Amino acid sequence: MGQIEWAMWANEQALASGLILITGGIVATAGRFTQWYFGAYSIAAGVLVCLLEYPRGRRRKGSTMERCGQKYMTAVVKQFGPLTRNYYVRAVLHLLLSVPAGFLLATILGTVCLVIASGIYLLAAVRGEQWTPIEPKPKERLQVGAGTIKQPPSNPPPRPPAEARKKPGEEEGSAAASGGPQINPIPVSDEVM
C-alpha cells in the first residue's frame with residue numbers, strides 16, 4: 001500500500017482553519033466582545049493563513065487537482081522560497097499564529113483547527129515532505145499519422161461493434177444485401193375506403 005502524503009491533509013486542514021478564524025474574528029469584532037481586538041487579530045491571521053494555504057502542492061505520485069485561480073497565488077508563494085516550501089516553518093508559523101486567537105471564545109475553534117494543522121505539517125516535515133508548486137504541463141499537439149492517432153474515425157457515433165463493421169476488402173454482394181432496398185412482406189395499397 002502507498003505512503004500517505006500528510007502535507008495534502010495539512011493543507012486542507014489549515015485552509016479550513018483559516019476560514020474558521022476569519023468567521024470567528026468577524027463574530028467577535030462585530031459583536032463587540034470585551035476582547036474584540038483578538039477578533040481583529042483572528043481576521044488578519046485567518047487571511048494570512050488562507051493566502052498561504054490556498055495553492056495546493058504537487059503530489060509525489062499521481063495527479064493533483066489545481067484549485068481555481070491557484071496559479072496566481074502560486075507565483076506569490078514561490079517568491080518566498082524556503083520559508084513557504086519547508087513544512088517545519090509552516091508548522092511553527094501556524095502554531096505561533098494560533099496562540100493569540102486562543103484567548104477568545106469566538107475564535108477558539110479556529111485556534112484548535114490551526115494547532116491540528118500545525119501538528120500534521122510537523123508530521124509531514126518529519127517524513128521528508130516539502131511543498132512543490134503545480135506547474136502546467138506543455139500541451140502536445142498530436143498529429144494525424146504520427147504518434148498515437150493513425151486515422152480519425154470516418155463514420156459518426158454511435159459506431160457498431162468492431163466485429164460488425166464493414167472491412168475494406170469485403171464483397172459488394174454482402175453490402176447490397178445489408179444496405180440495399182428491402183421488400184415489405186405485407187401488401188400495401190393506396191385505396192381509401
# chains A, B, ... in the order shown; residues from 1 in each chain; ligands from 1
$ closest_atom_pairs --of "range 61-116 of chain A" --to "range 127-136 of chain A" --cutoff "6 Å" --atoms "only C-alpha atoms" --output "tab-separated table"
residue	atom	partner	partner_atom	distance
A:Arg85	CA	A:Trp131	CA	4.6
A:Asn86	CA	A:Gln130	CA	5.5
A:Tyr87	CA	A:Gln130	CA	6.0
$ write_last_selection --atoms "all heavy atoms" --output "PDB file, in the first residue's frame"
ATOM      1  N   ARG A  85       8.243  26.776   1.398  1.00  0.00           N
ATOM      2  CA  ARG A  85       8.438  25.416   0.904  1.00  0.00           C
ATOM      3  C   ARG A  85       8.649  24.428   2.051  1.00  0.00           C
ATOM      4  O   ARG A  85       8.234  23.281   1.964  1.00  0.00           O
ATOM      5  CB  ARG A  85       9.648  25.386  -0.031  1.00  0.00           C
ATOM      6  CG  ARG A  85       9.755  24.136  -0.838  1.00  0.00           C
ATOM      7  CD  ARG A  85      10.918  24.130  -1.789  1.00  0.00           C
ATOM      8  NE  ARG A  85      11.098  25.389  -2.479  1.00  0.00           N
ATOM      9  CZ  ARG A  85      12.245  26.066  -2.495  1.00  0.00           C
ATOM     10  NH1 ARG A  85      13.301  25.602  -1.886  1.00  0.00           N
ATOM     11  NH2 ARG A  85      12.337  27.209  -3.157  1.00  0.00           N
ATOM     12  N   ASN A  86       9.268  24.857   3.119  1.00  0.00           N
ATOM     13  CA  ASN A  86       9.626  23.986   4.232  1.00  0.00           C
ATOM     14  C   ASN A  86       8.431  23.831   5.174  1.00  0.00           C
ATOM     15  O   ASN A  86       7.871  24.804   5.664  1.00  0.00           O
ATOM     16  CB  ASN A  86      10.819  24.585   4.983  1.00  0.00           C
ATOM     17  CG  ASN A  86      11.392  23.642   5.991  1.00  0.00           C
ATOM     18  OD1 ASN A  86      10.752  22.692   6.417  1.00  0.00           O
ATOM     19  ND2 ASN A  86      12.625  23.916   6.386  1.00  0.00           N
ATOM     20  N   TYR A  87       8.058  22.586   5.468  1.00  0.00           N
ATOM     21  CA  TYR A  87       6.909  22.347   6.329  1.00  0.00           C
ATOM     22  C   TYR A  87       7.226  22.535   7.813  1.00  0.00           C
ATOM     23  O   TYR A  87       6.312  22.732   8.607  1.00  0.00           O
ATOM     24  CB  TYR A  87       6.326  20.954   6.073  1.00  0.00           C
ATOM     25  CG  TYR A  87       5.586  20.875   4.755  1.00  0.00           C
ATOM     26  CD1 TYR A  87       5.616  19.727   3.998  1.00  0.00           C
ATOM     27  CD2 TYR A  87       4.847  21.948   4.280  1.00  0.00           C
ATOM     28  CE1 TYR A  87       4.931  19.644   2.798  1.00  0.00           C
ATOM     29  CE2 TYR A  87       4.177  21.882   3.086  1.00  0.00           C
ATOM     30  CZ  TYR A  87       4.216  20.725   2.344  1.00  0.00           C
ATOM     31  OH  TYR A  87       3.536  20.652   1.162  1.00  0.00           O
TER      32      TYR A  87
END
$ residues_around --residues "Arg56 in chain A" --least-positions-apart "5" --cutoff "10 Å" --atoms "only C-alpha atoms" --output "PyMOL selection string"
chain A and resi 7-8+11-12+64-67+70-71+73-74+131-134
$ write_last_selection --atoms "N, CA and C atoms" --output "PDB file, in the first residue's frame"
ATOM      1  N   ALA A   7       1.086  16.211   3.891  1.00  0.00           N
ATOM      2  CA  ALA A   7       1.012  17.635   3.573  1.00  0.00           C
ATOM      3  C   ALA A   7      -0.310  17.996   2.902  1.00  0.00           C
ATOM      4  N   MET A   8      -0.850  17.086   2.120  1.00  0.00           N
ATOM      5  CA  MET A   8      -2.124  17.337   1.464  1.00  0.00           C
ATOM      6  C   MET A   8      -3.234  17.519   2.511  1.00  0.00           C
ATOM      7  N   ASN A  11      -2.740  20.801   4.383  1.00  0.00           N
ATOM      8  CA  ASN A  11      -3.148  21.947   3.577  1.00  0.00           C
ATOM      9  C   ASN A  11      -4.653  22.178   3.678  1.00  0.00           C
ATOM     10  N   GLU A  12      -5.422  21.119   3.553  1.00  0.00           N
ATOM     11  CA  GLU A  12      -6.884  21.247   3.649  1.00  0.00           C
ATOM     12  C   GLU A  12      -7.304  21.691   5.048  1.00  0.00           C
ATOM     13  N   THR A  64      -2.514  15.990  -9.287  1.00  0.00           N
ATOM     14  CA  THR A  64      -3.044  16.878  -8.262  1.00  0.00           C
ATOM     15  C   THR A  64      -3.993  17.859  -8.935  1.00  0.00           C
ATOM     16  N   MET A  65      -5.202  17.959  -8.412  1.00  0.00           N
ATOM     17  CA  MET A  65      -6.178  18.894  -8.961  1.00  0.00           C
ATOM     18  C   MET A  65      -5.856  20.294  -8.450  1.00  0.00           C
ATOM     19  N   GLU A  66      -5.694  21.205  -9.381  1.00  0.00           N
ATOM     20  CA  GLU A  66      -5.357  22.583  -9.028  1.00  0.00           C
ATOM     21  C   GLU A  66      -6.631  23.328  -8.624  1.00  0.00           C
ATOM     22  N   ARG A  67      -6.534  24.176  -7.626  1.00  0.00           N
ATOM     23  CA  ARG A  67      -7.689  24.987  -7.230  1.00  0.00           C
ATOM     24  C   ARG A  67      -7.903  26.093  -8.252  1.00  0.00           C
ATOM     25  N   GLN A  70      -5.476  29.207  -8.700  1.00  0.00           N
ATOM     26  CA  GLN A  70      -4.320  28.912  -7.863  1.00  0.00           C
ATOM     27  C   GLN A  70      -3.022  29.419  -8.470  1.00  0.00           C
ATOM     28  N   LYS A  71      -2.948  29.474  -9.789  1.00  0.00           N
ATOM     29  CA  LYS A  71      -1.666  29.831 -10.420  1.00  0.00           C
ATOM     30  C   LYS A  71      -1.202  31.232 -10.040  1.00  0.00           C
ATOM     31  N   MET A  73      -1.727  32.768  -7.028  1.00  0.00           N
ATOM     32  CA  MET A  73      -1.185  32.713  -5.668  1.00  0.00           C
ATOM     33  C   MET A  73       0.075  31.856  -5.607  1.00  0.00           C
ATOM     34  N   THR A  74       0.188  30.864  -6.485  1.00  0.00           N
ATOM     35  CA  THR A  74       1.389  30.028  -6.518  1.00  0.00           C
ATOM     36  C   THR A  74       2.614  30.866  -6.828  1.00  0.00           C
ATOM     37  N   TRP A 131       6.860  21.401   0.055  1.00  0.00           N
ATOM     38  CA  TRP A 131       5.909  21.974  -0.904  1.00  0.00           C
ATOM     39  C   TRP A 131       6.592  22.202  -2.246  1.00  0.00           C
ATOM     40  N   THR A 132       5.986  21.675  -3.296  1.00  0.00           N
ATOM     41  CA  THR A 132       6.437  21.952  -4.662  1.00  0.00           C
ATOM     42  C   THR A 132       5.225  22.430  -5.446  1.00  0.00           C
ATOM     43  N   PRO A 133       5.371  23.474  -6.237  1.00  0.00           N
ATOM     44  CA  PRO A 133       4.214  24.032  -6.947  1.00  0.00           C
ATOM     45  C   PRO A 133       3.727  23.129  -8.075  1.00  0.00           C
ATOM     46  N   ILE A 134       2.453  23.254  -8.365  1.00  0.00           N
ATOM     47  CA  ILE A 134       1.875  22.559  -9.519  1.00  0.00           C
ATOM     48  C   ILE A 134       2.143  23.448 -10.727  1.00  0.00           C
TER      49      ILE A 134
END
$ residues_around --residues "range 103-119 of chain A" --least-positions-apart "5" --cutoff "6 Å" --atoms "only C-alpha atoms" --output "PyMOL selection string"
chain A and resi 10+13-14+17+20-21+24+28+91+94-95+98
$ write_last_selection --atoms "N, CA, C and O atoms" --output "PDB file, in the first residue's frame"
ATOM      1  N   ALA A  10      -2.758  18.353   5.675  1.00  0.00           N
ATOM      2  CA  ALA A  10      -2.467  19.552   6.456  1.00  0.00           C
ATOM      3  C   ALA A  10      -2.908  20.804   5.710  1.00  0.00           C
ATOM      4  O   ALA A  10      -3.410  21.760   6.315  1.00  0.00           O
ATOM      5  N   GLN A  13      -6.672  21.119   6.066  1.00  0.00           N
ATOM      6  CA  GLN A  13      -6.990  21.475   7.454  1.00  0.00           C
ATOM      7  C   GLN A  13      -6.648  22.932   7.735  1.00  0.00           C
ATOM      8  O   GLN A  13      -7.422  23.651   8.371  1.00  0.00           O
ATOM      9  N   ALA A  14      -5.488  23.382   7.269  1.00  0.00           N
ATOM     10  CA  ALA A  14      -5.073  24.760   7.526  1.00  0.00           C
ATOM     11  C   ALA A  14      -5.956  25.758   6.777  1.00  0.00           C
ATOM     12  O   ALA A  14      -6.284  26.823   7.314  1.00  0.00           O
ATOM     13  N   SER A  17      -9.150  25.962   8.675  1.00  0.00           N
ATOM     14  CA  SER A  17      -8.987  26.676   9.945  1.00  0.00           C
ATOM     15  C   SER A  17      -8.811  28.170   9.724  1.00  0.00           C
ATOM     16  O   SER A  17      -9.247  28.975  10.555  1.00  0.00           O
ATOM     17  N   ILE A  20     -12.263  29.441   9.343  1.00  0.00           N
ATOM     18  CA  ILE A  20     -12.934  29.427  10.646  1.00  0.00           C
ATOM     19  C   ILE A  20     -12.426  30.580  11.515  1.00  0.00           C
ATOM     20  O   ILE A  20     -13.210  31.232  12.230  1.00  0.00           O
ATOM     21  N   LEU A  21     -11.130  30.867  11.444  1.00  0.00           N
ATOM     22  CA  LEU A  21     -10.584  32.012  12.193  1.00  0.00           C
ATOM     23  C   LEU A  21     -11.201  33.327  11.719  1.00  0.00           C
ATOM     24  O   LEU A  21     -11.532  34.200  12.527  1.00  0.00           O
ATOM     25  N   GLY A  24     -14.842  33.478  13.044  1.00  0.00           N
ATOM     26  CA  GLY A  24     -14.868  33.764  14.488  1.00  0.00           C
ATOM     27  C   GLY A  24     -14.421  35.181  14.788  1.00  0.00           C
ATOM     28  O   GLY A  24     -14.955  35.840  15.690  1.00  0.00           O
ATOM     29  N   ALA A  28     -16.576  38.065  16.700  1.00  0.00           N
ATOM     30  CA  ALA A  28     -16.060  38.737  17.897  1.00  0.00           C
ATOM     31  C   ALA A  28     -15.965  40.243  17.705  1.00  0.00           C
ATOM     32  O   ALA A  28     -16.267  41.013  18.618  1.00  0.00           O
ATOM     33  N   ALA A  91       4.707  24.672  10.115  1.00  0.00           N
ATOM     34  CA  ALA A  91       4.194  24.147  11.378  1.00  0.00           C
ATOM     35  C   ALA A  91       4.393  25.153  12.502  1.00  0.00           C
ATOM     36  O   ALA A  91       3.465  25.426  13.288  1.00  0.00           O
ATOM     37  N   HIS A  94       2.096  28.338  11.922  1.00  0.00           N
ATOM     38  CA  HIS A  94       0.689  28.119  12.277  1.00  0.00           C
ATOM     39  C   HIS A  94       0.511  28.007  13.789  1.00  0.00           C
ATOM     40  O   HIS A  94      -0.487  28.494  14.328  1.00  0.00           O
ATOM     41  N   LEU A  95       1.456  27.395  14.446  1.00  0.00           N
ATOM     42  CA  LEU A  95       1.363  27.287  15.899  1.00  0.00           C
ATOM     43  C   LEU A  95       1.451  28.659  16.559  1.00  0.00           C
ATOM     44  O   LEU A  95       0.672  28.980  17.468  1.00  0.00           O
ATOM     45  N   SER A  98      -1.711  30.761  16.024  1.00  0.00           N
ATOM     46  CA  SER A  98      -2.912  30.306  16.730  1.00  0.00           C
ATOM     47  C   SER A  98      -2.948  30.743  18.198  1.00  0.00           C
ATOM     48  O   SER A  98      -4.023  30.784  18.784  1.00  0.00           O
TER      49      SER A  98
END
$ closest_residue --among "A:Pro55, A:Ala101, A:Glu5, A:Gly81" --to "Tyr37 in chain A" --atoms "only C-alpha atoms"
A:Ala101
$ residues_around --residues "Gly18 in chain A" --least-positions-apart "2" --cutoff "6 Å" --atoms "only C-alpha atoms" --output "PyMOL selection string"
chain A and resi 15-16+20-21+46+49-50
$ select_by_dssp --residues "range 28-162 of chain A" --states "helix (DSSP H, G or I)" --output "ChimeraX atom specification"
/A:28-30,36-53,70-79,82-85,87-101,105-126,162
$ atom_distance --atom1 "CA of Trp6 in chain A" --atom2 "CA of Glu53 in chain A"
14.1 Å
$ atom_distance --atom1 "CA of Val92 in chain A" --atom2 "CA of Trp36 in chain A"
25.1 Å
$ atom_distance --atom1 "CA of Gly39 in chain A" --atom2 "CA of Gly102 in chain A"
10.1 Å
$ closest_residue --among "A:Glu163, A:Leu97, A:Tyr54, A:Arg90" --to "Val76 in chain A" --atoms "only C-alpha atoms"
A:Tyr54
